[in-house]
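The file coords_28.tsv comes next; it holds TSV, C-alpha atoms and all ligand atoms.
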```tsv
chain	number	residue	atom	x	y	z
A	80	MET	CA	8.86	-12.28	3.46
A	81	VAL	CA	11.10	-11.22	6.30
A	82	ALA	CA	14.12	-9.03	5.63
A	83	SER	CA	17.61	-10.33	6.29
A	84	GLY	CA	19.04	-9.55	9.71
A	85	THR	CA	15.75	-8.66	11.35
A	86	PHE	CA	14.38	-12.14	11.97
A	87	GLY	CA	17.43	-13.97	13.25
A	88	TYR	CA	17.35	-17.55	12.01
A	89	ALA	CA	13.54	-17.68	12.42
A	90	GLU	CA	13.62	-19.88	15.52
A	91	GLU	CA	13.54	-16.72	17.64
A	92	PHE	CA	10.04	-15.94	16.32
A	93	LYS	CA	8.42	-19.38	16.58
A	94	ASP	CA	6.63	-18.55	19.85
A	95	PHE	CA	5.02	-15.46	18.33
A	96	ILE	CA	3.78	-16.57	14.92
A	97	ASN	CA	3.12	-19.65	12.85
A	98	LEU	CA	6.24	-19.50	10.69
A	99	LYS	CA	4.49	-21.65	8.04
A	100	GLN	CA	2.31	-18.67	7.14
A	101	LEU	CA	5.24	-16.63	5.84
A	102	GLY	CA	5.93	-16.42	2.12
A	103	ALA	CA	9.64	-17.01	2.62
A	104	ILE	CA	12.32	-16.57	5.24
A	105	VAL	CA	15.51	-14.69	4.47
A	106	THR	CA	18.19	-15.43	7.04
A	107	LYS	CA	20.67	-13.06	8.65
A	108	THR	CA	23.62	-12.69	6.28
A	109	ILE	CA	26.25	-15.36	6.69
A	110	THR	CA	29.90	-15.25	5.70
A	111	LEU	CA	32.49	-17.95	5.07
A	112	LYS	CA	34.16	-17.53	8.45
A	113	PRO	CA	32.52	-16.53	11.75
A	114	ARG	CA	32.37	-12.77	12.42
A	115	GLN	CA	32.06	-11.04	15.76
A	116	GLY	CA	30.58	-7.92	14.26
A	117	ASN	CA	31.14	-4.31	15.23
A	118	PRO	CA	31.72	-2.93	18.75
A	119	ALA	CA	28.69	-1.87	20.86
A	120	PRO	CA	26.57	0.20	20.92
A	121	ARG	CA	25.39	-1.09	17.58
A	122	THR	CA	21.88	0.28	17.40
A	123	CYS	CA	19.96	3.36	18.41
A	124	GLU	CA	16.45	4.61	17.87
A	125	THR	CA	15.79	7.59	15.66
A	126	ALA	CA	12.66	9.67	15.09
A	127	ALA	CA	11.07	7.23	12.66
A	128	GLY	CA	13.31	4.22	12.52
A	129	MET	CA	16.54	2.79	13.79
A	130	LEU	CA	20.21	3.14	13.09
A	131	ASN	CA	22.27	-0.04	13.13
A	132	SER	CA	25.81	-1.13	12.61
A	133	ILE	CA	25.84	-4.81	13.46
A	134	GLY	CA	28.74	-5.53	11.13
A	135	LEU	CA	27.55	-8.93	9.93
A	136	GLU	CA	27.94	-10.84	13.18
A	137	ASN	CA	27.32	-14.49	12.31
A	138	PRO	CA	28.61	-17.98	13.11
A	139	GLY	CA	30.06	-18.64	9.62
A	140	ILE	CA	28.69	-21.03	6.98
A	141	GLU	CA	29.71	-24.33	8.55
A	142	LYS	CA	28.24	-23.60	11.99
A	143	PHE	CA	25.15	-22.20	10.27
A	144	ILE	CA	24.64	-25.40	8.27
A	145	GLU	CA	25.24	-27.51	11.35
A	146	GLY	CA	23.28	-25.54	13.96
A	147	LYS	CA	20.72	-23.26	12.30
A	148	LEU	CA	19.76	-24.84	8.99
A	149	PRO	CA	18.22	-28.05	10.43
A	150	VAL	CA	15.61	-25.95	12.25
A	151	LEU	CA	14.94	-23.78	9.20
A	152	LYS	CA	14.55	-26.84	6.96
A	153	LYS	CA	11.69	-28.14	9.08
A	154	ILE	CA	9.54	-25.01	8.84
A	155	GLY	CA	8.19	-25.79	5.40
A	156	VAL	CA	8.49	-22.39	3.71
A	157	PRO	CA	11.12	-21.38	1.15
A	158	ILE	CA	14.41	-20.58	2.88
A	159	ILE	CA	16.60	-17.94	1.30
A	160	ILE	CA	20.14	-17.66	2.58
A	161	SER	CA	21.72	-14.22	2.56
A	162	ILE	CA	25.47	-14.29	1.94
A	163	ALA	CA	28.27	-11.74	1.97
A	164	SER	CA	31.99	-11.32	2.21
A	165	GLU	CA	34.02	-8.70	4.01
A	166	ASN	CA	36.16	-7.88	1.01
A	167	ASP	CA	36.65	-10.94	-1.20
A	168	PRO	CA	34.21	-11.63	-4.06
A	169	GLU	CA	35.58	-15.20	-4.28
A	170	GLU	CA	34.00	-15.88	-0.91
A	171	PHE	CA	30.55	-15.28	-2.41
A	172	VAL	CA	31.35	-17.97	-4.97
A	173	ALA	CA	32.55	-20.41	-2.31
A	174	LEU	CA	29.44	-19.78	-0.21
A	175	ALA	CA	27.10	-20.22	-3.18
A	176	LYS	CA	28.84	-23.47	-4.18
A	177	ARG	CA	28.39	-24.84	-0.68
A	178	LEU	CA	24.70	-23.85	-0.51
A	179	ASP	CA	23.93	-25.09	-4.01
A	180	LYS	CA	24.35	-28.66	-2.78
A	181	ILE	CA	21.70	-28.30	-0.08
A	182	LYS	CA	18.27	-29.36	-1.33
A	183	GLU	CA	16.22	-27.40	1.20
A	184	VAL	CA	17.83	-24.07	0.32
A	185	ALA	CA	15.37	-22.36	-2.04
A	186	GLY	CA	17.47	-19.37	-2.91
A	187	ILE	CA	20.50	-17.23	-2.25
A	188	GLU	CA	20.41	-13.49	-1.63
A	189	LEU	CA	23.61	-11.59	-2.36
A	190	ASN	CA	24.15	-8.90	0.23
A	191	ILE	CA	26.42	-6.71	-1.84
A	192	SER	CA	25.22	-3.63	-0.04
A	193	CYS	CA	26.09	-3.95	3.61
A	194	PRO	CA	27.38	-0.51	4.56
A	195	ASN	CA	28.83	-1.51	7.92
A	196	ILE	CA	31.85	-3.58	7.01
A	197	ARG	CA	35.18	-2.23	8.13
A	198	SER	CA	38.43	-4.02	7.46
A	199	HIS	CA	40.61	-3.49	10.52
A	200	SER	CA	43.80	-3.96	8.59
A	201	SER	CA	42.91	-1.57	5.82
A	202	LEU	CA	40.39	0.80	7.30
A	203	LEU	CA	41.28	3.64	5.00
A	204	MET	CA	41.30	1.56	1.88
A	205	VAL	CA	37.87	0.11	2.56
A	206	HIS	CA	36.53	3.54	3.50
A	207	ASN	CA	37.57	4.96	0.19
A	208	ALA	CA	36.80	1.99	-1.97
A	209	LYS	CA	33.43	1.77	-3.69
A	210	LEU	CA	31.26	-1.02	-2.42
A	211	ILE	CA	30.23	-3.62	-5.00
A	212	SER	CA	26.68	-2.35	-4.67
A	213	GLN	CA	27.80	1.10	-5.78
A	214	ASP	CA	29.37	-0.01	-9.03
A	215	ALA	CA	27.50	-1.55	-11.98
A	216	ASP	CA	30.54	-3.39	-13.40
A	217	SER	CA	31.46	-4.93	-10.03
A	218	THR	CA	27.84	-5.96	-9.53
A	219	TYR	CA	27.78	-7.60	-12.95
A	220	GLY	CA	31.07	-9.39	-12.23
A	221	LEU	CA	29.99	-10.71	-8.87
A	222	VAL	CA	26.52	-11.83	-9.91
A	223	SER	CA	27.89	-13.57	-13.04
A	224	ALA	CA	30.53	-15.39	-10.99
A	225	VAL	CA	27.93	-16.65	-8.50
A	226	ARG	CA	25.46	-17.49	-11.28
A	227	LYS	CA	28.00	-19.91	-12.77
A	228	VAL	CA	28.09	-22.04	-9.62
A	229	THR	CA	24.45	-22.23	-8.60
A	230	GLN	CA	21.08	-23.24	-10.00
A	231	LYS	CA	19.29	-21.82	-6.96
A	232	ILE	CA	17.07	-18.76	-7.21
A	233	LEU	CA	19.51	-15.87	-7.10
A	234	ILE	CA	18.45	-12.55	-5.61
A	235	THR	CA	20.69	-9.49	-5.67
A	236	LYS	CA	20.06	-7.05	-2.83
A	237	LEU	CA	20.56	-3.44	-3.80
A	238	SER	CA	21.81	-0.52	-1.77
A	239	PRO	CA	20.07	2.86	-1.77
A	240	ASN	CA	23.43	4.58	-1.25
A	241	VAL	CA	23.94	5.25	-4.95
A	242	THR	CA	23.23	8.00	-7.46
A	243	ASP	CA	21.23	5.79	-9.82
A	244	ILE	CA	19.94	2.48	-8.48
A	245	THR	CA	18.58	1.45	-11.89
A	246	GLU	CA	22.13	1.05	-13.27
A	247	ILE	CA	22.92	-1.49	-10.57
A	248	ALA	CA	19.59	-3.28	-11.03
A	249	LEU	CA	20.23	-3.55	-14.79
A	250	ALA	CA	23.71	-4.96	-14.13
A	251	ALA	CA	22.25	-7.62	-11.83
A	252	GLU	CA	19.61	-8.48	-14.43
A	253	SER	CA	22.14	-8.80	-17.26
A	254	ALA	CA	24.23	-11.08	-15.07
A	255	ALA	CA	21.19	-13.39	-14.82
A	256	SER	CA	20.06	-12.61	-11.31
A	257	ASP	CA	16.54	-14.06	-10.95
A	258	ALA	CA	15.29	-11.13	-8.90
A	259	VAL	CA	16.45	-8.02	-7.08
A	260	SER	CA	15.56	-6.98	-3.56
A	261	LEU	CA	15.63	-3.38	-2.43
A	262	ILE	CA	16.42	-1.44	-0.38
A	263	ASN	CA	19.12	-2.12	2.16
A	264	THR	CA	19.68	0.54	4.85
A	265	VAL	CA	20.47	4.18	4.13
A	266	ASN	CA	23.82	5.59	5.31
A	267	ALA	CA	23.09	7.77	8.34
A	268	MET	CA	24.36	9.14	11.65
A	269	SER	CA	22.96	10.21	15.00
A	270	ILE	CA	24.59	12.31	17.76
A	271	ASP	CA	24.13	12.34	21.54
A	272	ILE	CA	24.28	16.07	22.32
A	273	GLU	CA	25.08	15.63	26.04
A	274	GLU	CA	28.06	13.38	25.30
A	275	ARG	CA	28.77	15.17	22.01
A	276	ALA	CA	29.43	11.68	20.72
A	277	PRO	CA	27.98	9.48	18.01
A	278	LYS	CA	25.16	7.27	19.30
A	279	ILE	CA	26.65	4.14	17.76
A	280	ALA	CA	30.27	3.04	18.09
A	281	SER	CA	30.98	2.85	14.39
A	282	ILE	CA	29.87	6.55	14.07
A	283	THR	CA	27.82	5.98	10.93
A	284	GLY	CA	25.40	3.15	10.32
A	285	GLY	CA	22.36	2.12	8.34
A	286	LEU	CA	18.97	3.74	8.80
A	287	SER	CA	15.87	1.57	8.47
A	288	GLY	CA	12.19	1.77	9.35
A	289	PRO	CA	9.39	4.14	8.30
A	290	ALA	CA	11.82	7.05	7.76
A	291	ILE	CA	13.23	5.38	4.65
A	292	ARG	CA	9.96	4.15	3.12
A	293	PRO	CA	9.46	7.02	0.66
A	294	ILE	CA	13.03	6.52	-0.56
A	295	ALA	CA	12.46	2.77	-0.96
A	296	VAL	CA	9.13	3.21	-2.78
A	297	ARG	CA	10.71	5.71	-5.17
A	298	MET	CA	13.57	3.32	-5.90
A	299	VAL	CA	11.25	0.33	-6.49
A	300	TRP	CA	9.25	2.48	-8.90
A	301	GLU	CA	12.40	3.55	-10.77
A	302	VAL	CA	13.77	0.01	-10.98
A	303	TYR	CA	10.38	-1.41	-12.04
A	304	GLN	CA	10.43	0.75	-15.13
A	305	LYS	CA	13.84	-0.52	-16.21
A	306	ILE	CA	14.00	-4.26	-15.52
A	307	LYS	CA	11.92	-7.35	-16.30
A	308	ILE	CA	12.92	-9.60	-13.39
A	309	PRO	CA	10.81	-9.47	-10.21
A	310	ILE	CA	11.45	-7.00	-7.41
A	311	ILE	CA	11.22	-7.77	-3.70
A	312	GLY	CA	10.38	-4.43	-2.08
A	313	MET	CA	11.34	-3.42	1.43
A	314	GLY	CA	12.17	-0.42	3.56
A	315	GLY	CA	9.90	0.88	6.28
A	316	ILE	CA	6.97	-1.51	5.84
A	317	ILE	CA	5.08	-1.42	9.14
A	318	ASP	CA	1.49	-2.23	8.18
A	319	THR	CA	-0.81	-3.29	5.32
A	320	PRO	CA	-1.02	0.10	3.55
A	321	SER	CA	2.75	0.48	3.56
A	322	ALA	CA	3.16	-3.03	2.08
A	323	LEU	CA	0.58	-2.27	-0.62
A	324	GLU	CA	2.50	0.87	-1.62
A	325	PHE	CA	5.37	-1.37	-2.71
A	326	PHE	CA	3.18	-3.61	-4.86
A	327	LEU	CA	1.71	-0.57	-6.60
A	328	ALA	CA	5.21	0.78	-7.19
A	329	GLY	CA	6.18	-2.48	-8.92
A	330	ALA	CA	7.24	-5.03	-6.30
A	331	SER	CA	6.18	-8.66	-6.81
A	332	ALA	CA	6.82	-9.47	-3.16
A	333	VAL	CA	7.57	-7.48	-0.03
A	334	ALA	CA	9.78	-8.01	3.01
A	335	VAL	CA	9.37	-6.68	6.53
A	336	GLY	CA	12.45	-5.75	8.56
A	337	THR	CA	12.61	-3.29	11.44
A	338	ALA	CA	8.89	-3.62	12.20
A	339	ASN	CA	9.61	-7.15	13.48
A	340	PHE	CA	11.42	-5.59	16.45
A	341	VAL	CA	8.36	-3.49	17.35
A	342	ASN	CA	5.77	-6.21	16.85
A	343	PRO	CA	6.98	-9.78	16.29
A	344	ARG	CA	3.57	-10.71	14.84
A	345	ILE	CA	3.55	-7.94	12.26
A	346	THR	CA	4.32	-10.14	9.24
A	347	ILE	CA	1.22	-12.29	9.71
A	348	GLU	CA	-0.92	-9.22	10.47
A	349	ILE	CA	0.20	-7.70	7.17
A	350	ILE	CA	-0.46	-10.92	5.21
A	351	LYS	CA	-3.99	-11.05	6.67
A	352	GLY	CA	-4.42	-7.32	5.99
A	353	ILE	CA	-3.47	-7.76	2.33
A	354	GLU	CA	-5.95	-10.65	1.97
A	355	LYS	CA	-8.67	-8.43	3.49
A	356	TYR	CA	-7.81	-5.55	1.17
A	357	LEU	CA	-7.97	-7.81	-1.89
A	358	LYS	CA	-11.32	-9.23	-0.81
A	359	GLU	CA	-12.83	-5.82	-0.03
A	360	ASN	CA	-11.70	-4.45	-3.35
A	361	LYS	CA	-12.80	-7.59	-5.24
A	362	ILE	CA	-9.28	-8.21	-6.55
A	363	ASN	CA	-8.81	-11.88	-7.47
A	364	ASP	CA	-5.10	-11.81	-8.14
A	365	ILE	CA	-2.53	-9.66	-6.38
A	366	LYS	CA	-0.58	-9.60	-9.65
A	367	THR	CA	-3.00	-6.96	-10.92
A	368	LEU	CA	-1.65	-4.61	-8.25
A	369	ILE	CA	2.01	-4.99	-9.24
A	370	GLY	CA	3.09	-1.74	-10.84
A	371	GLY	CA	-0.55	-0.70	-10.81
A	372	LEU	CA	0.26	2.89	-9.92
A	373	LYS	CA	-1.96	5.34	-11.79
A	374	ILE	CA	-0.20	8.46	-13.04
A	401	LIG	C1	19.33	-4.70	12.86
A	401	LIG	C2	19.36	-4.88	11.39
A	401	LIG	C3	20.21	-5.84	10.83
A	401	LIG	C4	20.28	-6.04	9.45
A	401	LIG	N1	21.09	-7.00	8.94
A	401	LIG	C5	21.11	-7.23	7.60
A	401	LIG	C6	21.87	-8.30	7.06
A	401	LIG	O1	22.53	-9.06	7.77
A	401	LIG	N2	21.86	-8.46	5.71
A	401	LIG	C7	21.13	-7.66	4.86
A	401	LIG	O2	21.15	-7.86	3.64
A	401	LIG	N3	20.35	-6.66	5.37
A	401	LIG	C8	20.32	-6.43	6.71
A	401	LIG	N4	19.52	-5.43	7.21
A	401	LIG	C9	18.71	-4.62	6.28
A	401	LIG	C10	17.27	-5.13	6.18
A	401	LIG	O3	17.23	-6.44	5.67
A	401	LIG	C11	16.41	-4.21	5.29
A	401	LIG	O4	16.94	-4.21	3.98
A	401	LIG	C12	16.37	-2.76	5.76
A	401	LIG	O5	16.38	-2.71	7.18
A	401	LIG	C13	15.15	-2.01	5.24
A	401	LIG	O6	13.94	-2.61	5.66
A	401	LIG	P1	13.12	-2.16	6.99
A	401	LIG	O7	13.03	-0.66	6.95
A	401	LIG	O8	11.83	-2.87	6.91
A	401	LIG	O9	13.95	-2.61	8.16
A	401	LIG	C14	19.47	-5.22	8.59
A	401	LIG	C15	18.61	-4.27	9.16
A	401	LIG	C16	18.54	-4.09	10.53
A	401	LIG	C17	17.60	-3.07	11.09
```

Written as structure tokens, how would this file's structure read?
Amino acid sequence: MVASGTFGYAEEFKDFINLKQLGAIVTKTITLKPRQGNPAPRTCETAAGMLNSIGLENPGIEKFIEGKLPVLKKIGVPIIISIASENDPEEFVALAKRLDKIKEVAGIELNISCPNIRSHSSLLMVHNAKLISQDADSTYGLVSAVRKVTQKILITKLSPNVTDITEIALAAESAASDAVSLINTVNAMSIDIEERAPKIASITGGLSGPAIRPIAVRMVWEVYQKIKIPIIGMGGIIDTPSALEFFLAGASAVAVGTANFVNPRITIEIIKGIEKYLKENKINDIKTLIGGLKI
């Protein structure tokens, strides 16, 4: 799969790969109303990844349904729509209700873990408040509320910016989430020493790419031991071996994010690489790899 926010609305990649070969497409997170996102610069490179603070720039649900969804519908692979709200859980419910009516939407991913949202009117309050993704009870409440209004596959996306990710995964599972995806970006910061200024305008942002892979693999492994619903693993997957690490740690599927910016064909190369690995190792079913870590 492709990770939310790193593959646009898929159309952007159609000249590079045959989109039909993907397992699923997860769209950039959409919100109820359009959002302009955070001020620039919003991204910078780091030693082994990138720092971003896009701030959920998106056209809003109605423009998305009108302008982006028709193209996505035609691709012929499961389309998973990532949704979020700046600060109102009710908006998740409204978004899910709207999407539930659309036949071609295969699933909904709840982005409860975006670390970049800043409310201009209440900057301090939002700064100090726990994000939903950092609180098991809030996660349970939100997932249950959304579950009530949709029959679609429901995926809860978890943040690594917590003390114990398994508590949040368990909350999502008890609220009847069909799967969890992890991890979102890691809170981080980078400084330009000449300017003595932060490299991105929002000062802190989310780190992604190979730098976070060992954190992501560890978290998938921890969550795998606690929950029964499937895990979609992501964080720093750049090639076949790094994707396979996630299956062995317990993921049933994997998603590629930042690597798409380096090589827009990487997803298909990894899919082919996994097929080759399975053939070479005489493995008939990838399911035998899931959680197959030997201790
Ligand atoms: C530029 C950029 C934008 C992102 N936007 C979103 C987003 O809109 N919603 C979301 O749930 N995750 C978003 N993410 C997080 C990714 O989906 C993914 O969880 C994370 O980057 C880890 O995977 P990776 O290391 O393969 O990139 C974004 C990541 C990047 C780099």

- request: Excluding Leu178 (chain A) and any residue of its chain fewer than 4 positions from it, enumerate the residues within 9 Å of it, using all atoms listed in the file, and give them as a list of chain:residue names.
  value: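 The residues satisfying every condition are A:Ile140, A:Ile144, A:Ile160, A:Ala173, A:Leu174, A:Lys182, A:Val184, A:Gly186, A:Ile187, A:Thr229, A:Lys231.
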
- request: Give the residue list for ligand LIG 401 (chain A) at 6 Å, counting all atoms listed in the file, as a VMD selection string, sorted by chain and then by residue number.
  value: chain A and resid 82 to 85 107 to 108 131 135 190 262 to 264 287 to 288 313 to 316 335 to 337

How big is the axis-aligned box around the listed atoms of region 265-281 of chain A once 8 Å is added on each side, and where is its centre? Give both in Å to one decimal, as AutoDock Vina command-line options.
```
--center_x 25.7 --center_y 9.5 --center_z 15.1 --size_x 26.5 --size_y 29.2 --size_z 37.9
```

Selection near Ile349 (chain A), 9 Å with all atoms listed in the file, sequence-local residues under 2 positions removed, as a PyMOL selection string: chain A and resi 317-320+322+344-347+351-354

- prompt: Separation of CA of Lys153 (chain A) and CA of Ile350 (chain A), in Å?
  reply: 21.4 Å

- prompt: Interatomic distance between CA of Ile244 (chain A) and CA of Glu301 (chain A)?
  reply: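 Straight-line distance from CA of Ile244 (chain A) to CA of Glu301 (chain A) works out to 8.0 Å.
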
- prompt: If you count all atoms listed in the file, which residues fall within 12 Å of Thr218 (chain A), apart from same-chain ones fewer than 4 positions away, as a count of residues only?
  reply: 33

message: Report, in Å to a single decimal, how far apart CA of Val302 (chain A) and CA of Leu233 (chain A) are.
response: 17.3 Å

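Nearest residue to Lys93 (chain A) among A:Leu151, A:Gly128, A:Ile369, A:Lys358 is A:Leu151, counting all atoms listed in the file.
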
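For the set A:Gln115, A:Asn363, A:Leu221, A:Pro289, the residue with the smallest atom-to-atom gap to Asp167 (chain A) is A:Leu221, counting only C-alpha atoms.
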
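For the residues A:Gly102, A:Gly370, A:Gly87, A:Pro157, ranking by smallest atom-to-atom distance to Phe143 (chain A) using only C-alpha atoms places A:Gly87 first.
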
task: Go through A:Ser132, A:Thr122, A:Ser260, A:Asn137 and flag the residue nearest Ile109 (chain A), using only C-alpha atoms for the distances.
output: A:Asn137

- prompt: Which residue gives the smallest distance to Ser161 (chain A) among A:Asn117, A:Val105, A:Leu111, A:Pro149, with all atoms listed in the file counted?
  reply: A:Val105

message: If we count all atoms listed in the file and set the cut-off at 7 Å, which residues sit around Val156 (chain A), ignoring sequence neighbours fewer than 6 positions away in its own chain? Please answer as a PyMOL selection string.
response: chain A and resi 99+101-103

message: Which residue is closest to Val241 (chain A)? Choose from A:Met298, A:Asp216, A:Asn360, A:Thr283 and count only C-alpha atoms.
response: A:Met298

Could I see region 364-373 of chain A restored to all heavy atoms, set down as a PDB file, in the frame of the given file?
```
ATOM      1  N   ASP A 364      -6.509 -11.444  -8.017  1.00  0.00           N
ATOM      2  CA  ASP A 364      -5.100 -11.810  -8.140  1.00  0.00           C
ATOM      3  C   ASP A 364      -4.247 -10.600  -7.796  1.00  0.00           C
ATOM      4  O   ASP A 364      -4.376  -9.540  -8.425  1.00  0.00           O
ATOM      5  CB  ASP A 364      -4.841 -12.255  -9.593  1.00  0.00           C
ATOM      6  CG  ASP A 364      -3.455 -12.841  -9.762  1.00  0.00           C
ATOM      7  OD1 ASP A 364      -2.622 -12.673  -8.839  1.00  0.00           O
ATOM      8  OD2 ASP A 364      -3.207 -13.454 -10.820  1.00  0.00           O
ATOM      9  N   ILE A 365      -3.371 -10.783  -6.818  1.00  0.00           N
ATOM     10  CA  ILE A 365      -2.530  -9.660  -6.380  1.00  0.00           C
ATOM     11  C   ILE A 365      -1.643  -9.140  -7.506  1.00  0.00           C
ATOM     12  O   ILE A 365      -1.197  -7.997  -7.498  1.00  0.00           O
ATOM     13  CB  ILE A 365      -1.699 -10.042  -5.132  1.00  0.00           C
ATOM     14  CG1 ILE A 365      -1.156  -8.784  -4.460  1.00  0.00           C
ATOM     15  CG2 ILE A 365      -0.599 -11.037  -5.482  1.00  0.00           C
ATOM     16  CD1 ILE A 365      -0.638  -8.957  -3.077  1.00  0.00           C
ATOM     17  N   LYS A 366      -1.431 -10.003  -8.527  1.00  0.00           N
ATOM     18  CA  LYS A 366      -0.580  -9.600  -9.650  1.00  0.00           C
ATOM     19  C   LYS A 366      -1.120  -8.336 -10.348  1.00  0.00           C
ATOM     20  O   LYS A 366      -0.363  -7.577 -10.939  1.00  0.00           O
ATOM     21  CB  LYS A 366      -0.451 -10.730 -10.665  1.00  0.00           C
ATOM     22  CG  LYS A 366       0.517 -11.807 -10.180  1.00  0.00           C
ATOM     23  CD  LYS A 366       0.791 -12.811 -11.285  1.00  0.00           C
ATOM     24  CE  LYS A 366       1.647 -13.935 -10.750  1.00  0.00           C
ATOM     25  NZ  LYS A 366       1.163 -15.255 -11.163  1.00  0.00           N
ATOM     26  N   THR A 367      -2.447  -8.141 -10.249  1.00  0.00           N
ATOM     27  CA  THR A 367      -3.000  -6.960 -10.920  1.00  0.00           C
ATOM     28  C   THR A 367      -2.582  -5.663 -10.201  1.00  0.00           C
ATOM     29  O   THR A 367      -2.704  -4.578 -10.755  1.00  0.00           O
ATOM     30  CB  THR A 367      -4.546  -7.021 -11.003  1.00  0.00           C
ATOM     31  OG1 THR A 367      -5.035  -7.119  -9.658  1.00  0.00           O
ATOM     32  CG2 THR A 367      -5.021  -8.205 -11.812  1.00  0.00           C
ATOM     33  N   LEU A 368      -2.106  -5.800  -8.987  1.00  0.00           N
ATOM     34  CA  LEU A 368      -1.650  -4.610  -8.250  1.00  0.00           C
ATOM     35  C   LEU A 368      -0.215  -4.234  -8.596  1.00  0.00           C
ATOM     36  O   LEU A 368       0.193  -3.081  -8.451  1.00  0.00           O
ATOM     37  CB  LEU A 368      -1.698  -4.868  -6.732  1.00  0.00           C
ATOM     38  CG  LEU A 368      -3.029  -4.891  -6.008  1.00  0.00           C
ATOM     39  CD1 LEU A 368      -2.771  -5.011  -4.515  1.00  0.00           C
ATOM     40  CD2 LEU A 368      -3.826  -3.627  -6.294  1.00  0.00           C
ATOM     41  N   ILE A 369       0.564  -5.218  -9.042  1.00  0.00           N
ATOM     42  CA  ILE A 369       2.010  -4.990  -9.240  1.00  0.00           C
ATOM     43  C   ILE A 369       2.234  -3.929 -10.326  1.00  0.00           C
ATOM     44  O   ILE A 369       1.829  -4.094 -11.469  1.00  0.00           O
ATOM     45  CB  ILE A 369       2.736  -6.317  -9.603  1.00  0.00           C
ATOM     46  CG1 ILE A 369       2.561  -7.335  -8.470  1.00  0.00           C
ATOM     47  CG2 ILE A 369       4.215  -6.067  -9.892  1.00  0.00           C
ATOM     48  CD1 ILE A 369       3.007  -8.743  -8.806  1.00  0.00           C
ATOM     49  N   GLY A 370       2.870  -2.845  -9.915  1.00  0.00           N
ATOM     50  CA  GLY A 370       3.090  -1.740 -10.840  1.00  0.00           C
ATOM     51  C   GLY A 370       1.814  -1.044 -11.250  1.00  0.00           C
ATOM     52  O   GLY A 370       1.768  -0.334 -12.253  1.00  0.00           O
ATOM     53  N   GLY A 371       0.764  -1.230 -10.457  1.00  0.00           N
ATOM     54  CA  GLY A 371      -0.550  -0.700 -10.810  1.00  0.00           C
ATOM     55  C   GLY A 371      -0.750   0.776 -10.505  1.00  0.00           C
ATOM     56  O   GLY A 371      -1.880   1.283 -10.521  1.00  0.00           O
ATOM     57  N   LEU A 372       0.308   1.459 -10.233  1.00  0.00           N
ATOM     58  CA  LEU A 372       0.260   2.890  -9.920  1.00  0.00           C
ATOM     59  C   LEU A 372      -0.356   3.668 -11.080  1.00  0.00           C
ATOM     60  O   LEU A 372       0.032   3.483 -12.233  1.00  0.00           O
ATOM     61  CB  LEU A 372       1.699   3.384  -9.680  1.00  0.00           C
ATOM     62  CG  LEU A 372       1.891   4.842  -9.373  1.00  0.00           C
ATOM     63  CD1 LEU A 372       1.341   5.182  -7.996  1.00  0.00           C
ATOM     64  CD2 LEU A 372       3.389   5.189  -9.430  1.00  0.00           C
ATOM     65  N   LYS A 373      -1.339   4.529 -10.746  1.00  0.00           N
ATOM     66  CA  LYS A 373      -1.960   5.340 -11.790  1.00  0.00           C
ATOM     67  C   LYS A 373      -1.303   6.729 -11.801  1.00  0.00           C
ATOM     68  O   LYS A 373      -1.219   7.372 -10.767  1.00  0.00           O
ATOM     69  CB  LYS A 373      -3.453   5.521 -11.509  1.00  0.00           C
ATOM     70  CG  LYS A 373      -4.237   4.243 -11.663  1.00  0.00           C
ATOM     71  CD  LYS A 373      -5.708   4.509 -11.353  1.00  0.00           C
ATOM     72  CE  LYS A 373      -6.490   3.197 -11.263  1.00  0.00           C
ATOM     73  NZ  LYS A 373      -7.739   3.386 -10.562  1.00  0.00           N
TER      74      LYS A 373
END
```
